[in-house]
file start.txt (compact mmCIF, C-alpha atoms and all ligand atoms)
# COMPACT_ATOMS: atom_id res chain seq x y z
CA MET A 13 55.30 92.10 -13.64
CA ASP A 14 52.01 93.68 -12.57
CA PHE A 15 52.53 96.26 -9.79
CA ARG A 16 49.66 98.56 -10.88
CA ILE A 17 48.55 101.46 -8.71
CA GLU A 18 44.98 101.29 -7.41
CA ASP A 19 44.29 104.37 -5.36
CA ILE A 20 41.83 103.27 -2.70
CA THR A 21 41.58 104.11 1.00
CA GLU A 22 42.44 101.77 3.85
CA GLU A 23 38.71 101.70 4.69
CA GLU A 24 37.97 100.48 1.15
CA ILE A 25 40.66 97.81 1.49
CA ASP A 26 39.05 96.66 4.74
CA ARG A 27 35.62 96.63 3.11
CA ARG A 28 36.84 94.53 0.17
CA LEU A 29 38.69 92.12 2.47
CA SER A 30 35.61 91.74 4.65
CA VAL A 31 33.78 90.41 1.58
CA VAL A 32 36.44 88.24 -0.06
CA GLU A 33 38.22 86.71 2.94
CA PRO A 34 35.13 84.82 4.17
CA LEU A 35 34.53 83.62 0.58
CA THR A 36 38.13 82.43 0.27
CA ASP A 37 37.80 80.67 3.59
CA SER A 38 34.62 78.93 2.44
CA VAL A 39 36.43 77.75 -0.71
CA ARG A 40 39.23 76.37 1.49
CA GLN A 41 36.57 74.49 3.43
CA LEU A 42 35.20 73.22 0.11
CA VAL A 43 38.64 71.95 -0.94
CA ASP A 44 39.08 70.18 2.39
CA ALA A 45 35.55 68.75 2.24
CA VAL A 46 36.09 67.36 -1.29
CA ILE A 47 39.32 65.67 -0.22
CA ARG A 48 37.83 64.05 2.88
CA SER A 49 34.18 63.52 1.96
CA GLU A 50 32.84 59.97 2.18
CA VAL A 51 29.35 60.72 0.86
CA SER A 52 27.91 58.64 -2.00
CA ASP A 53 28.97 59.05 -5.64
CA GLU A 54 25.52 60.51 -6.36
CA ARG A 55 26.01 63.22 -3.76
CA LEU A 56 29.50 63.96 -5.09
CA ALA A 57 28.05 64.33 -8.61
CA ALA A 58 25.31 66.64 -7.29
CA ALA A 59 27.96 68.72 -5.50
CA LYS A 60 29.82 69.11 -8.79
CA GLU A 61 26.69 70.60 -10.40
CA LYS A 62 26.35 73.14 -7.58
CA VAL A 63 30.03 74.08 -7.72
CA ASP A 64 29.85 74.47 -11.52
CA ALA A 65 26.90 76.87 -11.09
CA ILE A 66 28.90 79.01 -8.65
CA VAL A 67 31.89 79.05 -11.02
CA ALA A 68 29.67 80.15 -13.93
CA ASP A 69 28.22 82.94 -11.75
CA LEU A 70 31.67 84.25 -10.73
CA ARG A 71 32.93 84.08 -14.31
CA GLU A 72 30.27 86.56 -15.51
CA GLN A 73 32.71 89.35 -14.66
CA GLN A 74 36.33 88.29 -14.63
CA ARG A 75 39.62 90.16 -14.92
CA PRO A 76 41.97 88.81 -17.61
CA GLY A 77 45.13 86.99 -16.53
CA SER A 78 46.10 86.96 -12.88
CA PHE A 79 45.24 89.32 -10.03
CA GLY A 80 48.68 90.98 -9.98
CA THR A 81 49.80 93.09 -7.04
CA PRO A 82 48.04 96.45 -6.92
CA TYR A 83 49.46 99.15 -4.63
CA THR A 84 47.78 102.22 -3.20
CA LYS A 85 49.51 105.58 -3.55
CA GLU A 86 50.53 105.11 0.10
CA PHE A 87 52.18 101.92 -1.17
CA ILE A 88 50.04 99.42 0.65
CA GLY A 89 50.30 96.21 -1.38
CA MET A 90 47.32 93.99 -2.15
CA PRO A 91 48.86 90.68 -3.33
CA TRP A 92 45.46 89.00 -3.08
CA GLY A 93 46.14 86.36 -5.72
CA ASN A 94 49.52 85.34 -4.26
CA ALA A 95 49.89 81.53 -4.01
CA ALA A 96 51.24 81.68 -0.46
CA VAL A 97 49.35 84.57 1.15
CA GLY A 98 46.67 85.81 -1.26
CA ALA A 99 43.50 86.93 0.50
CA ARG A 100 41.47 85.84 -2.54
CA ASN A 101 43.41 82.63 -3.11
CA ALA A 102 42.01 79.53 -1.42
CA VAL A 103 45.13 77.61 -2.46
CA ALA A 104 47.09 79.79 -0.03
CA PRO A 105 46.95 78.59 3.56
CA PRO A 106 45.39 81.16 5.88
CA LEU A 107 48.72 82.73 6.93
CA ARG A 108 49.00 85.90 8.98
CA ILE A 109 52.61 86.97 8.70
CA GLN A 110 54.07 89.25 11.39
CA ARG A 111 56.85 91.47 10.08
CA SER A 112 59.49 93.56 11.75
CA PRO A 113 62.76 94.79 10.25
CA GLY A 114 64.64 91.79 8.87
CA LEU A 115 62.16 89.32 10.31
CA ALA A 116 58.97 87.56 9.18
CA GLU A 117 57.12 84.99 11.29
CA CYS A 118 53.83 83.16 11.20
CA GLU A 119 51.81 80.40 12.76
CA MET A 120 49.55 78.22 10.66
CA VAL A 121 47.53 75.04 10.61
CA LEU A 122 48.12 72.95 7.48
CA GLY A 123 45.38 70.44 6.75
CA ALA A 124 44.58 67.77 4.18
CA ALA A 125 45.01 70.13 1.19
CA TYR A 126 48.74 70.45 1.85
CA GLU A 127 49.59 66.75 2.07
CA GLY A 128 52.60 65.16 0.41
CA PRO A 129 53.63 61.85 2.00
CA GLY A 130 50.60 60.46 3.91
CA GLY A 131 49.86 62.67 6.91
CA CYS A 132 52.80 64.97 6.17
CA VAL A 133 53.24 68.39 4.61
CA HIS A 134 54.25 68.31 0.93
CA GLY A 135 57.89 69.34 0.53
CA GLY A 136 56.94 71.80 -2.20
CA VAL A 137 54.39 73.44 0.08
CA ALA A 138 57.03 73.86 2.81
CA ALA A 139 59.37 75.40 0.23
CA LEU A 140 56.59 77.70 -1.04
CA LEU A 141 55.82 79.02 2.41
CA LEU A 142 59.47 79.46 3.35
CA ASP A 143 60.10 81.22 0.02
CA GLN A 144 57.36 83.71 0.82
CA LEU A 145 58.71 84.28 4.32
CA VAL A 146 62.31 84.84 3.18
CA GLY A 147 61.01 87.30 0.56
CA GLU A 148 59.05 89.20 3.18
CA ALA A 149 61.92 89.22 5.67
CA ALA A 150 64.33 90.50 3.00
CA SER A 151 61.92 93.20 1.84
CA THR A 152 60.90 94.62 5.22
CA ASP A 153 63.74 97.09 5.57
CA GLY A 154 65.25 97.28 2.12
CA LEU A 155 64.36 97.37 -1.53
CA PRO A 156 62.06 94.69 -2.94
CA SER A 157 63.93 91.41 -3.21
CA PHE A 158 63.35 88.41 -5.41
CA THR A 159 64.52 84.89 -4.68
CA GLY A 160 67.79 84.19 -6.48
CA THR A 161 68.60 80.92 -4.77
CA LEU A 162 66.60 78.97 -2.21
CA THR A 163 68.19 75.91 -0.58
CA VAL A 164 65.81 73.76 1.44
CA LYS A 165 66.83 71.03 3.87
CA TYR A 166 64.16 68.63 5.15
CA LEU A 167 65.36 67.47 8.56
CA ARG A 168 62.44 65.18 9.39
CA PRO A 169 58.85 64.73 8.21
CA THR A 170 56.56 67.67 8.99
CA LEU A 171 53.23 66.32 10.18
CA LEU A 172 50.08 68.13 9.05
CA GLY A 173 48.65 70.28 11.83
CA PRO A 174 49.77 73.34 13.77
CA LEU A 175 53.13 74.72 12.66
CA SER A 176 55.18 77.86 12.86
CA ALA A 177 57.72 79.40 10.51
CA ARG A 178 60.29 82.14 10.80
CA ALA A 179 62.69 83.90 8.43
CA GLU A 180 65.49 86.21 9.51
CA VAL A 181 67.97 88.27 7.54
CA THR A 182 71.48 87.16 8.43
CA ARG A 183 73.46 89.63 6.32
CA ARG A 184 73.28 92.09 3.45
CA GLU A 185 75.87 92.56 0.73
CA GLY A 186 74.95 95.29 -1.71
CA ARG A 187 71.84 94.14 -3.55
CA LYS A 188 72.05 90.67 -2.03
CA THR A 189 70.30 89.73 1.20
CA PHE A 190 70.96 86.41 2.93
CA VAL A 191 68.07 84.95 4.86
CA HIS A 192 67.75 81.87 7.08
CA ALA A 193 64.31 80.33 7.61
CA THR A 194 62.80 77.46 9.55
CA MET A 195 59.51 75.61 9.78
CA SER A 196 58.78 73.98 13.14
CA ASP A 197 56.28 71.75 14.86
CA ALA A 198 55.80 71.36 18.61
CA ASP A 199 58.99 69.27 18.83
CA GLY A 200 61.24 71.73 17.00
CA VAL A 201 62.56 72.50 13.53
CA THR A 202 61.50 70.17 10.70
CA VAL A 203 62.64 72.17 7.65
CA GLU A 204 65.30 74.81 7.26
CA ALA A 205 66.11 77.00 4.30
CA ASP A 206 68.74 79.48 3.22
CA ALA A 207 68.02 82.07 0.60
CA ILE A 208 69.96 84.59 -1.42
CA MET A 209 67.49 87.36 -2.18
CA ILE A 210 68.38 89.94 -4.81
CA CYS A 211 67.10 93.41 -5.48
CA PRO A 212 67.11 93.61 -9.29
CA LYS A 213 69.44 96.17 -10.83
CA ASP A 214 67.85 99.65 -11.21
CA PHE A 215 64.49 98.44 -9.97
CA VAL A 216 61.66 100.77 -10.91
CA LEU A 217 57.96 100.15 -10.79
CA PRO A 218 56.49 99.28 -14.17
CA THR A 219 54.06 102.15 -13.56
CA GLY A 220 57.05 104.50 -13.88
CA ASP A 221 56.64 105.71 -10.28
CA ALA A 222 59.76 105.89 -8.16
CA LEU A 223 59.92 103.60 -5.17
CA PRO A 224 58.98 105.43 -1.97
CA PRO A 225 61.38 105.19 0.99
CA ALA A 226 61.52 101.68 2.44
CA ALA A 227 59.86 102.76 5.66
CA ASP A 228 56.73 103.82 3.74
CA ARG A 229 56.37 100.56 1.84
CA ARG A 230 53.99 97.93 3.07
CA LEU A 231 53.76 94.56 1.38
CA ASP A 232 50.20 93.98 2.44
CA ARG A 233 48.16 94.39 5.58
C1 LIG B 1 57.54 97.13 -5.20
C2 LIG B 1 57.60 95.75 -5.18
C3 LIG B 1 57.56 95.12 -3.87
C4 LIG B 1 57.80 93.66 -3.96
C5 LIG B 1 57.83 93.02 -2.61
C6 LIG B 1 58.13 91.58 -2.77
C7 LIG B 1 58.18 90.91 -1.43
C8 LIG B 1 57.08 89.94 -1.22
C9 LIG B 1 57.55 88.60 -0.91
C10 LIG B 1 57.49 87.74 -2.11
C11 LIG B 1 58.24 86.48 -1.88
C12 LIG B 1 58.16 85.57 -3.05
C13 LIG B 1 59.52 85.33 -3.58
C14 LIG B 1 59.42 84.89 -5.00
O1 LIG B 1 58.69 84.02 -5.34
S1 LIG B 1 60.38 85.72 -6.13
C15 LIG B 1 60.06 84.82 -7.63
C16 LIG B 1 61.13 83.80 -7.92
N1 LIG B 1 62.33 84.48 -8.32
C17 LIG B 1 62.47 84.98 -9.54
O2 LIG B 1 61.62 84.90 -10.40
C18 LIG B 1 63.77 85.67 -9.81
C19 LIG B 1 64.16 85.55 -11.27
N2 LIG B 1 65.52 86.07 -11.46
C20 LIG B 1 65.76 87.38 -11.62
O3 LIG B 1 64.83 88.18 -11.71
C21 LIG B 1 67.18 87.81 -11.68
O4 LIG B 1 68.01 86.75 -12.12
C22 LIG B 1 67.70 88.30 -10.29
C23 LIG B 1 66.87 89.50 -9.84
C24 LIG B 1 67.65 87.19 -9.24
C25 LIG B 1 69.17 88.74 -10.43
O5 LIG B 1 69.27 89.57 -11.52
P1 LIG B 1 70.26 90.83 -11.56
O6 LIG B 1 70.43 91.17 -12.99
O7 LIG B 1 69.78 91.90 -10.67
O8 LIG B 1 71.57 90.16 -10.94
P2 LIG B 1 73.06 90.46 -11.33
O9 LIG B 1 73.47 89.58 -12.45
O10 LIG B 1 73.27 91.94 -11.50
O11 LIG B 1 73.83 89.95 -10.02
C26 LIG B 1 73.81 90.68 -8.82
C27 LIG B 1 74.45 89.83 -7.73
O12 LIG B 1 73.55 88.74 -7.41
C28 LIG B 1 74.20 87.48 -7.70
N3 LIG B 1 73.17 86.61 -8.28
C29 LIG B 1 72.50 86.80 -9.43
N4 LIG B 1 71.59 85.86 -9.61
C30 LIG B 1 71.67 85.03 -8.55
C31 LIG B 1 70.98 83.88 -8.17
N5 LIG B 1 69.99 83.39 -8.91
N6 LIG B 1 71.32 83.32 -7.00
C32 LIG B 1 72.29 83.82 -6.23
N7 LIG B 1 73.00 84.91 -6.53
C33 LIG B 1 72.70 85.51 -7.70
C34 LIG B 1 75.31 87.78 -8.66
O13 LIG B 1 76.33 86.83 -8.57
C35 LIG B 1 75.75 89.14 -8.18
O14 LIG B 1 76.53 88.99 -7.01
P3 LIG B 1 77.91 89.77 -6.86
O15 LIG B 1 78.73 89.33 -8.03
O16 LIG B 1 77.54 91.24 -6.91
O17 LIG B 1 78.46 89.35 -5.52
call {"tool": "encode", "arguments": {"input": "start.txt", "output": "structure tokens", "more": "lines below"}}
Ligand SMILES: CCCCCCCCCCCCCC(=O)SCCNC(=O)CCNC(=O)[C@H](O)C(C)(C)COP(=O)(O)OP(=O)(O)OC[C@H]1O[C@@H](n2cnc3c(N)ncnc32)[C@H](O)[C@@H]1OP(=O)(O)O
result
Amino acid sequence: MDFRIEDITEEEIDRRLSVVEPLTDSVRQLVDAVIRSEVSDERLAAAKEKVDAIVADLREQQRPGSFGTPYTKEFIGMPWGNAAVGARNAVAPPLRIQRSPGLAECEMVLGAAYEGPGGCVHGGVAALLLDQLVGEAASTDGLPSFTGTLTVKYLRPTLLGPLSARAEVTRREGRKTFVHATMSDADGVTVEADAIMICPKDFVLPTGDALPPAADRRLDR
């Protein structure tokens, strides 16, 4: 696991986010535009050339592997490649998760890029987002927790569009944290999930640093 320390200030984090978040958002727009575009084949082929040029430009300086999750010495996490919430990851829907002890909530708008059955959210996408939320809820006031078991129940189709999701810790038993989560549309709950989150035995950061007290840990900003 990559939990490297990158000792930068909050101002520097803000500066970096102010550059990459608009880029990520533009790439999301690109993904949506490619899915829904009805321009001619010639214009699609010309778009490919332009996109390839941008990719070649960005690849001139590239970190190996994935982005990982750097932390500052104040333990602010920067999971910017994360598939569900990464600020640099256009695959991740633009989620803004609100956290309080034992609770994680967010509102989102899922568009064409998240489709499974026609017009509906892909079941795997719903599970991905609920997995992230249960992880964040479990980790807000305890040690870092990983998903041991996630059980997802699809109650009715979730239409693409505005949605909300919520995860709440229901109980803790030693290193295990039980979390209940829901995804809802305007008419109520469409998906519910139950998770058993587990803090791995003797968890230490691969950097060798001890974990700071839970209250000082922030998963991201
Ligand atoms: C600093 C870092 C901050 C990070 C913040 C992250 C938050 C961000 C949000 C990210 C969100 C993204 C979320 C993601 O994507 S997390 C990524 C997906 N999850 C994983 O990759 C986890 C892979 N598995 C493991 O690492 C280990 O197997 C774990 C850590 C799960 C347990 O290995 P460990 O060796 O520690 O376990 P143990 O054998 O001592 O057993 C201990 C207890 O647990 C019970 N048990 C064991 N396994 C399971 C199971 N699968 N289901 C249910 N229960 C299980 C077991 O019966 C026992 O209970 P009891 O007998 O005591 O009653």
call {"tool": "closest_atom_pairs", "arguments": {"input": "start.txt", "of": "chain A", "to": "ligand LIG 1 (chain B)", "cutoff": "9 Å", "atoms": "all atoms listed in the file", "output": "CSV"}}
result
residue,atom,partner,partner_atom,distance
A:Phe15,CA,B:LIG1,C1,6.9
A:Thr81,CA,B:LIG1,C2,8.4
A:Tyr83,CA,B:LIG1,C1,8.3
A:Phe87,CA,B:LIG1,C1,8.2
A:Gly89,CA,B:LIG1,C3,7.8
A:Pro91,CA,B:LIG1,C8,8.5
A:Asn94,CA,B:LIG1,C10,8.6
A:Ala96,CA,B:LIG1,C12,8.4
A:Leu140,CA,B:LIG1,O1,7.9
A:Leu141,CA,B:LIG1,C12,8.8
A:Leu142,CA,B:LIG1,C11,8.8
A:Asp143,CA,B:LIG1,C13,5.5
A:Gln144,CA,B:LIG1,C11,4.0
A:Leu145,CA,B:LIG1,C11,6.6
A:Val146,CA,B:LIG1,C11,6.7
A:Gly147,CA,B:LIG1,C11,3.8
A:Glu148,CA,B:LIG1,C9,4.4
A:Ala149,CA,B:LIG1,C9,7.9
A:Ala150,CA,B:LIG1,C7,7.6
A:Ser151,CA,B:LIG1,C7,5.5
A:Thr152,CA,B:LIG1,C7,8.1
A:Leu155,CA,B:LIG1,C3,7.5
A:Pro156,CA,B:LIG1,C4,4.5
A:Ser157,CA,B:LIG1,C6,5.8
A:Phe158,CA,B:LIG1,S1,4.1
A:Thr159,CA,B:LIG1,N1,4.3
A:Gly160,CA,B:LIG1,N5,3.4
A:Thr161,CA,B:LIG1,N6,4.3
A:Leu162,CA,B:LIG1,N6,8.0
A:Glu185,CA,B:LIG1,O17,7.5
A:Gly186,CA,B:LIG1,O16,7.1
A:Arg187,CA,B:LIG1,C27,6.5
A:Lys188,CA,B:LIG1,O12,5.9
A:Ala207,CA,B:LIG1,C32,8.2
A:Ile208,CA,B:LIG1,C32,5.4
A:Met209,CA,B:LIG1,C24,7.1
A:Ile210,CA,B:LIG1,C24,5.3
A:Cys211,CA,B:LIG1,C23,5.9
A:Pro212,CA,B:LIG1,O7,3.5
A:Lys213,CA,B:LIG1,O7,4.3
A:Asp214,CA,B:LIG1,O7,8.0
A:Phe215,CA,B:LIG1,O7,8.4
A:Val216,CA,B:LIG1,C1,7.9
A:Leu217,CA,B:LIG1,C1,6.4
A:Leu223,CA,B:LIG1,C1,6.9
A:Arg229,CA,B:LIG1,C1,7.9
A:Arg230,CA,B:LIG1,C3,8.3
A:Leu231,CA,B:LIG1,C5,5.9
A:Asp232,CA,B:LIG1,C8,8.8
call {"tool": "write_last_selection", "arguments": {"input": "start.txt", "atoms": "C-alpha atoms", "output": "mmCIF file, in the frame of the given file"}}
result
data_model
loop_
_atom_site.group_PDB
_atom_site.id
_atom_site.type_symbol
_atom_site.label_atom_id
_atom_site.label_comp_id
_atom_site.auth_asym_id
_atom_site.auth_seq_id
_atom_site.Cartn_x
_atom_site.Cartn_y
_atom_site.Cartn_z
ATOM 1 C CA PHE A 15 52.530 96.260 -9.790
ATOM 2 C CA THR A 81 49.800 93.090 -7.040
ATOM 3 C CA TYR A 83 49.460 99.150 -4.630
ATOM 4 C CA PHE A 87 52.180 101.920 -1.170
ATOM 5 C CA GLY A 89 50.300 96.210 -1.380
ATOM 6 C CA PRO A 91 48.860 90.680 -3.330
ATOM 7 C CA ASN A 94 49.520 85.340 -4.260
ATOM 8 C CA ALA A 96 51.240 81.680 -0.460
ATOM 9 C CA LEU A 140 56.590 77.700 -1.040
ATOM 10 C CA LEU A 141 55.820 79.020 2.410
ATOM 11 C CA LEU A 142 59.470 79.460 3.350
ATOM 12 C CA ASP A 143 60.100 81.220 0.020
ATOM 13 C CA GLN A 144 57.360 83.710 0.820
ATOM 14 C CA LEU A 145 58.710 84.280 4.320
ATOM 15 C CA VAL A 146 62.310 84.840 3.180
ATOM 16 C CA GLY A 147 61.010 87.300 0.560
ATOM 17 C CA GLU A 148 59.050 89.200 3.180
ATOM 18 C CA ALA A 149 61.920 89.220 5.670
ATOM 19 C CA ALA A 150 64.330 90.500 3.000
ATOM 20 C CA SER A 151 61.920 93.200 1.840
ATOM 21 C CA THR A 152 60.900 94.620 5.220
ATOM 22 C CA LEU A 155 64.360 97.370 -1.530
ATOM 23 C CA PRO A 156 62.060 94.690 -2.940
ATOM 24 C CA SER A 157 63.930 91.410 -3.210
ATOM 25 C CA PHE A 158 63.350 88.410 -5.410
ATOM 26 C CA THR A 159 64.520 84.890 -4.680
ATOM 27 C CA GLY A 160 67.790 84.190 -6.480
ATOM 28 C CA THR A 161 68.600 80.920 -4.770
ATOM 29 C CA LEU A 162 66.600 78.970 -2.210
ATOM 30 C CA GLU A 185 75.870 92.560 0.730
ATOM 31 C CA GLY A 186 74.950 95.290 -1.710
ATOM 32 C CA ARG A 187 71.840 94.140 -3.550
ATOM 33 C CA LYS A 188 72.050 90.670 -2.030
ATOM 34 C CA ALA A 207 68.020 82.070 0.600
ATOM 35 C CA ILE A 208 69.960 84.590 -1.420
ATOM 36 C CA MET A 209 67.490 87.360 -2.180
ATOM 37 C CA ILE A 210 68.380 89.940 -4.810
ATOM 38 C CA CYS A 211 67.100 93.410 -5.480
ATOM 39 C CA PRO A 212 67.110 93.610 -9.290
ATOM 40 C CA LYS A 213 69.440 96.170 -10.830
ATOM 41 C CA ASP A 214 67.850 99.650 -11.210
ATOM 42 C CA PHE A 215 64.490 98.440 -9.970
ATOM 43 C CA VAL A 216 61.660 100.770 -10.910
ATOM 44 C CA LEU A 217 57.960 100.150 -10.790
ATOM 45 C CA LEU A 223 59.920 103.600 -5.170
ATOM 46 C CA ARG A 229 56.370 100.560 1.840
ATOM 47 C CA ARG A 230 53.990 97.930 3.070
ATOM 48 C CA LEU A 231 53.760 94.560 1.380
ATOM 49 C CA ASP A 232 50.200 93.980 2.440
#
call {"tool": "closest_residue", "arguments": {"input": "start.txt", "among": "A:Asp69, A:Glu86, A:Asp44, A:Asp64", "to": "Glu22 of chain A", "atoms": "all atoms listed in the file"}}
result
A:Glu86
call {"tool": "residues_around", "arguments": {"input": "start.txt", "residues": "Ala99 of chain A", "least_positions_apart": "4", "cutoff": "10 Å", "atoms": "all atoms listed in the file", "output": "number ranges by chain"}}
result
A: 29, 32-37, 90-95, 103-107, 232
call {"tool": "atom_distance", "arguments": {"input": "start.txt", "atom1": "atom CA of Pro129 of chain A", "atom2": "atom CA of Pro169 of chain A"}}
result
8.6 Å
call {"tool": "axis_aligned_box", "arguments": {"input": "start.txt", "around": "segment 24-33 of chain A", "padding_each_side": "4 Å", "output": "AutoDock Vina command-line options"}}
result
--center_x 37.2 --center_y 93.6 --center_z 2.3 --size_x 14.9 --size_y 21.8 --size_z 12.8
call {"tool": "atom_distance", "arguments": {"input": "start.txt", "atom1": "atom CA of Gly135 of chain A", "atom2": "atom CA of Leu175 of chain A"}}
result
14.1 Å
call {"tool": "atom_distance", "arguments": {"input": "start.txt", "atom1": "atom CA of Pro82 of chain A", "atom2": "atom CA of Ile20 of chain A"}}
result
10.1 Å
call {"tool": "residues_around", "arguments": {"input": "start.txt", "residues": "segment 192-204 of chain A", "least_positions_apart": "5", "cutoff": "7 Å", "atoms": "all atoms listed in the file", "output": "list in words"}}
result
Leu142, Val146, Val164, Lys165, Tyr166, Leu167, Arg168, Pro169, Thr170, Pro174, Leu175, Ser176, Ala177, Arg178, Ala179, Glu180, Val181 and Thr182 of chain A
call {"tool": "closest_residue", "arguments": {"input": "start.txt", "among": "A:Gly131, A:Phe79, A:Thr189, A:Gly136", "to": "Arg100 of chain A", "atoms": "all atoms listed in the file"}}
result
A:Phe79
call {"tool": "decode", "arguments": {"input": "start.txt", "residues": "segment 79-117 of chain A", "atoms": "C-alpha atoms", "output": "PDB file, in the first residue's frame"}}
result
ATOM      1  CA  PHE A  79      -1.094   7.988  -7.540  1.00  0.00           C
ATOM      2  CA  GLY A  80      -1.213   6.334  -4.102  1.00  0.00           C
ATOM      3  CA  THR A  81      -2.413   8.229  -1.055  1.00  0.00           C
ATOM      4  CA  PRO A  82       0.119  10.804   0.139  1.00  0.00           C
ATOM      5  CA  TYR A  83      -0.346  12.317   3.599  1.00  0.00           C
ATOM      6  CA  THR A  84       1.035  15.537   5.023  1.00  0.00           C
ATOM      7  CA  LYS A  85       2.784  15.444   8.390  1.00  0.00           C
ATOM      8  CA  GLU A  86      -0.470  16.864   9.796  1.00  0.00           C
ATOM      9  CA  PHE A  87      -2.029  13.718   8.324  1.00  0.00           C
ATOM     10  CA  ILE A  88      -4.188  15.333   5.704  1.00  0.00           C
ATOM     11  CA  GLY A  89      -4.767  12.645   3.076  1.00  0.00           C
ATOM     12  CA  MET A  90      -4.614  13.319  -0.657  1.00  0.00           C
ATOM     13  CA  PRO A  91      -6.272  10.261  -2.263  1.00  0.00           C
ATOM     14  CA  TRP A  92      -6.390  12.060  -5.608  1.00  0.00           C
ATOM     15  CA  GLY A  93      -6.307   8.933  -7.748  1.00  0.00           C
ATOM     16  CA  ASN A  94      -9.074   7.166  -5.788  1.00  0.00           C
ATOM     17  CA  ALA A  95     -11.692   5.593  -8.097  1.00  0.00           C
ATOM     18  CA  ALA A  96     -14.610   6.961  -6.068  1.00  0.00           C
ATOM     19  CA  VAL A  97     -13.405  10.364  -4.860  1.00  0.00           C
ATOM     20  CA  GLY A  98     -10.041  11.150  -6.485  1.00  0.00           C
ATOM     21  CA  ALA A  99      -9.617  14.839  -7.295  1.00  0.00           C
ATOM     22  CA  ARG A 100      -7.431  13.882 -10.283  1.00  0.00           C
ATOM     23  CA  ASN A 101      -9.606  10.968 -11.371  1.00  0.00           C
ATOM     24  CA  ALA A 102     -12.266  11.774 -13.950  1.00  0.00           C
ATOM     25  CA  VAL A 103     -13.692   8.269 -13.510  1.00  0.00           C
ATOM     26  CA  ALA A 104     -14.741   9.307 -10.000  1.00  0.00           C
ATOM     27  CA  PRO A 105     -18.041  11.184  -9.883  1.00  0.00           C
ATOM     28  CA  PRO A 106     -17.644  14.689  -8.467  1.00  0.00           C
ATOM     29  CA  LEU A 107     -18.514  13.700  -4.876  1.00  0.00           C
ATOM     30  CA  ARG A 108     -18.146  16.024  -1.905  1.00  0.00           C
ATOM     31  CA  ILE A 109     -18.449  13.815   1.146  1.00  0.00           C
ATOM     32  CA  GLN A 110     -19.467  15.395   4.459  1.00  0.00           C
ATOM     33  CA  ARG A 111     -18.053  13.557   7.460  1.00  0.00           C
ATOM     34  CA  SER A 112     -18.830  13.617  11.142  1.00  0.00           C
ATOM     35  CA  PRO A 113     -18.048  10.940  13.720  1.00  0.00           C
ATOM     36  CA  GLY A 114     -19.473   7.641  12.496  1.00  0.00           C
ATOM     37  CA  LEU A 115     -21.234   9.266   9.562  1.00  0.00           C
ATOM     38  CA  ALA A 116     -20.472  10.037   5.906  1.00  0.00           C
ATOM     39  CA  GLU A 117     -22.971  11.620   3.513  1.00  0.00           C
TER      40      GLU A 117
END
